[in-house]
Amino acid sequence: MSRIDAIRQRLAILEPLLLEIEDESALHAGHAGARSGGGHFRLTIVADCFSGRNTVARHRMIYDALGELMRTNIHALAIRALTADEAKLSTTRKET
Amino acid sequence: MNIQDVIREQVSSAPVVLYMKGTPQFPQCGFSATVAQILKHCGVTKIFAVNVLENDAIRQGIKEFANWPTIPQLYINGEFVGGCDIVREMYENGELQQMLADLDVQ
């Protein structure tokens, strides 16, 4: 299973409406953190379970779902965690 | 004193405490560099920066302390604020500047 599939599988518990994972490890090849084998990923996730929670709480939910992947396969993770309503807003803003 | 006690004292030892890789002058990680840069943009000159690359016990201990698996970690008035994405988001919507406004850190 690829690292992205592994991440996707773990995050299924948050019932994401949208989940985009980009592997940016190649951009960081050679940098000290990359040597341990952990990858650099960028994550956009839209899920209703984020509603009423601040960003710290949302990120913690994601880290909890990822469990030991955070210590093994993932060295760095950039996160955008939105509710469906916020995702609609940010798309509209981009269009206007 | 165990490492969690050391960290507990450290995070409250200054209004702005940043756990990072490298130093604000010579950051050794892009995410750490971003947070240091944002604080500078906010006019913060008094940062208590802890270089986790110099102390492995703190590097691991800080992850447990905040229940947060990554570095950098920013603390304001002893409270965990967030990592790079959150600090950037709070800077973009002005929340960070507001938090820093009342502190003697300029």
# chains A, B, ... in the order shown; residues from 1 in each chain; ligands from 1
call {"tool": "closest_atom_pairs", "arguments": {"of": "chain B", "to": "chain A", "cutoff": "8 Å", "atoms": "only C-alpha atoms", "output": "Markdown table"}}
result
| residue | atom | partner | partner_atom | distance |
| --- | --- | --- | --- | --- |
| B:Asn67 | CA | A:Arg60 | CA | 7.9 |
| B:Trp68 | CA | A:Arg60 | CA | 7.0 |
| B:Pro69 | CA | A:Met70 | CA | 6.8 |
| B:Thr70 | CA | A:Ala76 | CA | 7.2 |
| B:Val81 | CA | A:Val56 | CA | 7.7 |
| B:Gly82 | CA | A:Val56 | CA | 6.3 |
| B:Asp85 | CA | A:Ala78 | CA | 6.5 |
| B:Ile86 | CA | A:Thr55 | CA | 6.8 |
call {"tool": "residues_around", "arguments": {"residues": "Ile47 in chain B", "least_positions_apart": "5", "cutoff": "7 Å", "atoms": "only C-alpha atoms", "output": "list in words"}}
result
Val16, Val17 and Leu18 of chain B
call {"tool": "select_by_dssp", "arguments": {"residues": "chain B", "states": "strand (DSSP E)", "output": "number ranges by chain"}}
result
B: 16-20, 48-51, 73-76, 79-82
call {"tool": "atom_distance", "arguments": {"atom1": "CA of His40 in chain A", "atom2": "CA of Arg10 in chain A"}}
result
16.7 Å
call {"tool": "closest_residue", "arguments": {"among": "B:Gln60, B:Ser13, B:Gln25, B:Asn77", "to": "Phe48 in chain B", "atoms": "only C-alpha atoms"}}
result
B:Ser13
call {"tool": "select_by_dssp", "arguments": {"residues": "chain B", "states": "alpha helix (DSSP H)", "output": "VMD selection string"}}
result
chain B and resid 3 to 11 30 to 41 56 to 66 84 to 92 95 to 101
call {"tool": "residues_around", "arguments": {"residues": "Gly61 in chain B", "least_positions_apart": "4", "cutoff": "12 Å", "atoms": "only C-alpha atoms", "output": "list of chain:residue names"}}
result
B:Asn2, B:Ile3, B:Gln4, B:Asp5, B:Val6, B:Ile7, B:Arg8, B:Tyr19, B:Val52, B:Asn55, B:Asp56, B:Ala57, B:Phe65, B:Ala66, B:Asn67, B:Trp68, B:Pro69, B:Thr70, B:Ile71
call {"tool": "decode", "arguments": {"residues": "chain B", "atoms": "C-alpha atoms", "output": "PDB file, in the first residue's frame"}}
result
ATOM      1  CA  MET B   1      12.743  17.389  37.426  1.00  0.00           C
ATOM      2  CA  ASN B   2      11.453  15.353  34.504  1.00  0.00           C
ATOM      3  CA  ILE B   3      11.337  16.676  30.973  1.00  0.00           C
ATOM      4  CA  GLN B   4       7.617  17.507  31.117  1.00  0.00           C
ATOM      5  CA  ASP B   5       8.262  19.729  34.159  1.00  0.00           C
ATOM      6  CA  VAL B   6      11.153  21.406  32.367  1.00  0.00           C
ATOM      7  CA  ILE B   7       8.903  22.119  29.377  1.00  0.00           C
ATOM      8  CA  ARG B   8       6.050  23.326  31.581  1.00  0.00           C
ATOM      9  CA  GLU B   9       8.402  25.904  33.114  1.00  0.00           C
ATOM     10  CA  GLN B  10       9.892  26.804  29.759  1.00  0.00           C
ATOM     11  CA  VAL B  11       6.600  27.569  27.987  1.00  0.00           C
ATOM     12  CA  SER B  12       5.650  30.075  30.680  1.00  0.00           C
ATOM     13  CA  SER B  13       9.097  31.632  31.025  1.00  0.00           C
ATOM     14  CA  ALA B  14       8.365  34.271  28.353  1.00  0.00           C
ATOM     15  CA  PRO B  15       5.261  35.666  26.641  1.00  0.00           C
ATOM     16  CA  VAL B  16       6.286  34.206  23.260  1.00  0.00           C
ATOM     17  CA  VAL B  17       7.987  30.812  23.226  1.00  0.00           C
ATOM     18  CA  LEU B  18       8.759  29.020  19.975  1.00  0.00           C
ATOM     19  CA  TYR B  19       9.952  25.418  19.696  1.00  0.00           C
ATOM     20  CA  MET B  20      11.668  25.162  16.365  1.00  0.00           C
ATOM     21  CA  LYS B  21      14.374  23.466  14.339  1.00  0.00           C
ATOM     22  CA  GLY B  22      17.334  25.804  14.235  1.00  0.00           C
ATOM     23  CA  THR B  23      17.162  29.399  15.448  1.00  0.00           C
ATOM     24  CA  PRO B  24      15.142  32.417  14.237  1.00  0.00           C
ATOM     25  CA  GLN B  25      18.357  33.655  12.572  1.00  0.00           C
ATOM     26  CA  PHE B  26      19.274  30.244  11.108  1.00  0.00           C
ATOM     27  CA  PRO B  27      16.151  28.113  10.854  1.00  0.00           C
ATOM     28  CA  GLN B  28      16.803  24.546   9.691  1.00  0.00           C
ATOM     29  CA  CYS B  29      13.308  23.692   8.488  1.00  0.00           C
ATOM     30  CA  GLY B  30      10.920  25.555   6.196  1.00  0.00           C
ATOM     31  CA  PHE B  31       7.983  25.358   8.608  1.00  0.00           C
ATOM     32  CA  SER B  32      10.065  26.711  11.500  1.00  0.00           C
ATOM     33  CA  ALA B  33      11.377  29.467   9.239  1.00  0.00           C
ATOM     34  CA  THR B  34       7.823  30.505   8.316  1.00  0.00           C
ATOM     35  CA  VAL B  35       6.703  30.876  11.921  1.00  0.00           C
ATOM     36  CA  ALA B  36       9.819  32.826  12.908  1.00  0.00           C
ATOM     37  CA  GLN B  37       9.308  35.079   9.880  1.00  0.00           C
ATOM     38  CA  ILE B  38       5.640  35.706  10.722  1.00  0.00           C
ATOM     39  CA  LEU B  39       6.526  36.672  14.293  1.00  0.00           C
ATOM     40  CA  LYS B  40       9.114  39.071  12.936  1.00  0.00           C
ATOM     41  CA  HIS B  41       6.496  40.583  10.598  1.00  0.00           C
ATOM     42  CA  CYS B  42       4.259  41.089  13.617  1.00  0.00           C
ATOM     43  CA  GLY B  43       7.029  43.152  15.177  1.00  0.00           C
ATOM     44  CA  VAL B  44       7.926  40.586  17.821  1.00  0.00           C
ATOM     45  CA  THR B  45      11.546  41.017  18.812  1.00  0.00           C
ATOM     46  CA  LYS B  46      11.442  39.116  22.087  1.00  0.00           C
ATOM     47  CA  ILE B  47      11.084  35.475  21.168  1.00  0.00           C
ATOM     48  CA  PHE B  48      12.202  32.758  23.516  1.00  0.00           C
ATOM     49  CA  ALA B  49      13.220  30.221  20.876  1.00  0.00           C
ATOM     50  CA  VAL B  50      14.097  26.643  21.773  1.00  0.00           C
ATOM     51  CA  ASN B  51      16.141  24.779  19.172  1.00  0.00           C
ATOM     52  CA  VAL B  52      14.868  21.206  19.475  1.00  0.00           C
ATOM     53  CA  LEU B  53      17.734  19.906  17.334  1.00  0.00           C
ATOM     54  CA  GLU B  54      20.019  20.635  20.293  1.00  0.00           C
ATOM     55  CA  ASN B  55      18.053  18.555  22.768  1.00  0.00           C
ATOM     56  CA  ASP B  56      16.446  15.282  21.820  1.00  0.00           C
ATOM     57  CA  ALA B  57      14.579  14.949  25.139  1.00  0.00           C
ATOM     58  CA  ILE B  58      12.836  18.256  24.488  1.00  0.00           C
ATOM     59  CA  ARG B  59      12.288  17.392  20.837  1.00  0.00           C
ATOM     60  CA  GLN B  60      10.320  14.279  21.833  1.00  0.00           C
ATOM     61  CA  GLY B  61       8.924  15.700  25.081  1.00  0.00           C
ATOM     62  CA  ILE B  62       7.302  18.740  23.494  1.00  0.00           C
ATOM     63  CA  LYS B  63       5.247  16.477  21.214  1.00  0.00           C
ATOM     64  CA  GLU B  64       3.767  14.764  24.264  1.00  0.00           C
ATOM     65  CA  PHE B  65       3.399  17.995  26.187  1.00  0.00           C
ATOM     66  CA  ALA B  66       1.045  19.579  23.660  1.00  0.00           C
ATOM     67  CA  ASN B  67      -0.301  16.291  22.301  1.00  0.00           C
ATOM     68  CA  TRP B  68       0.907  17.639  18.980  1.00  0.00           C
ATOM     69  CA  PRO B  69       3.194  15.492  16.833  1.00  0.00           C
ATOM     70  CA  THR B  70       5.062  18.120  14.857  1.00  0.00           C
ATOM     71  CA  ILE B  71       7.474  21.031  15.246  1.00  0.00           C
ATOM     72  CA  PRO B  72       7.347  24.082  15.179  1.00  0.00           C
ATOM     73  CA  GLN B  73       5.065  24.796  18.111  1.00  0.00           C
ATOM     74  CA  LEU B  74       4.200  28.311  19.228  1.00  0.00           C
ATOM     75  CA  TYR B  75       3.182  29.208  22.787  1.00  0.00           C
ATOM     76  CA  ILE B  76       1.796  32.594  23.792  1.00  0.00           C
ATOM     77  CA  ASN B  77       1.430  33.316  27.509  1.00  0.00           C
ATOM     78  CA  GLY B  78       2.092  29.659  28.224  1.00  0.00           C
ATOM     79  CA  GLU B  79      -0.763  28.489  25.992  1.00  0.00           C
ATOM     80  CA  PHE B  80      -0.220  26.285  22.952  1.00  0.00           C
ATOM     81  CA  VAL B  81      -1.268  28.259  19.858  1.00  0.00           C
ATOM     82  CA  GLY B  82      -0.443  25.886  17.028  1.00  0.00           C
ATOM     83  CA  GLY B  83       1.998  24.826  14.366  1.00  0.00           C
ATOM     84  CA  CYS B  84       2.912  26.444  11.067  1.00  0.00           C
ATOM     85  CA  ASP B  85      -0.460  26.185   9.260  1.00  0.00           C
ATOM     86  CA  ILE B  86      -2.391  27.547  12.225  1.00  0.00           C
ATOM     87  CA  VAL B  87       0.020  30.398  12.898  1.00  0.00           C
ATOM     88  CA  ARG B  88      -0.121  31.373   9.228  1.00  0.00           C
ATOM     89  CA  GLU B  89      -3.924  31.233   9.219  1.00  0.00           C
ATOM     90  CA  MET B  90      -4.110  33.353  12.387  1.00  0.00           C
ATOM     91  CA  TYR B  91      -1.664  35.846  10.897  1.00  0.00           C
ATOM     92  CA  GLU B  92      -3.734  36.123   7.696  1.00  0.00           C
ATOM     93  CA  ASN B  93      -6.978  36.754   9.572  1.00  0.00           C
ATOM     94  CA  GLY B  94      -5.379  39.123  12.091  1.00  0.00           C
ATOM     95  CA  GLU B  95      -5.987  36.951  15.153  1.00  0.00           C
ATOM     96  CA  LEU B  96      -2.287  36.545  15.859  1.00  0.00           C
ATOM     97  CA  GLN B  97      -1.592  40.280  15.773  1.00  0.00           C
ATOM     98  CA  GLN B  98      -4.458  40.730  18.231  1.00  0.00           C
ATOM     99  CA  MET B  99      -3.025  38.125  20.619  1.00  0.00           C
ATOM    100  CA  LEU B 100       0.396  39.766  20.452  1.00  0.00           C
ATOM    101  CA  ALA B 101      -0.857  43.350  20.757  1.00  0.00           C
ATOM    102  CA  ASP B 102      -1.282  43.290  24.518  1.00  0.00           C
ATOM    103  CA  LEU B 103       2.096  41.710  25.216  1.00  0.00           C
ATOM    104  CA  ASP B 104       5.398  43.391  25.890  1.00  0.00           C
ATOM    105  CA  VAL B 105       7.265  41.667  23.065  1.00  0.00           C
ATOM    106  CA  GLN B 106       7.867  44.382  20.470  1.00  0.00           C
TER     107      GLN B 106
END
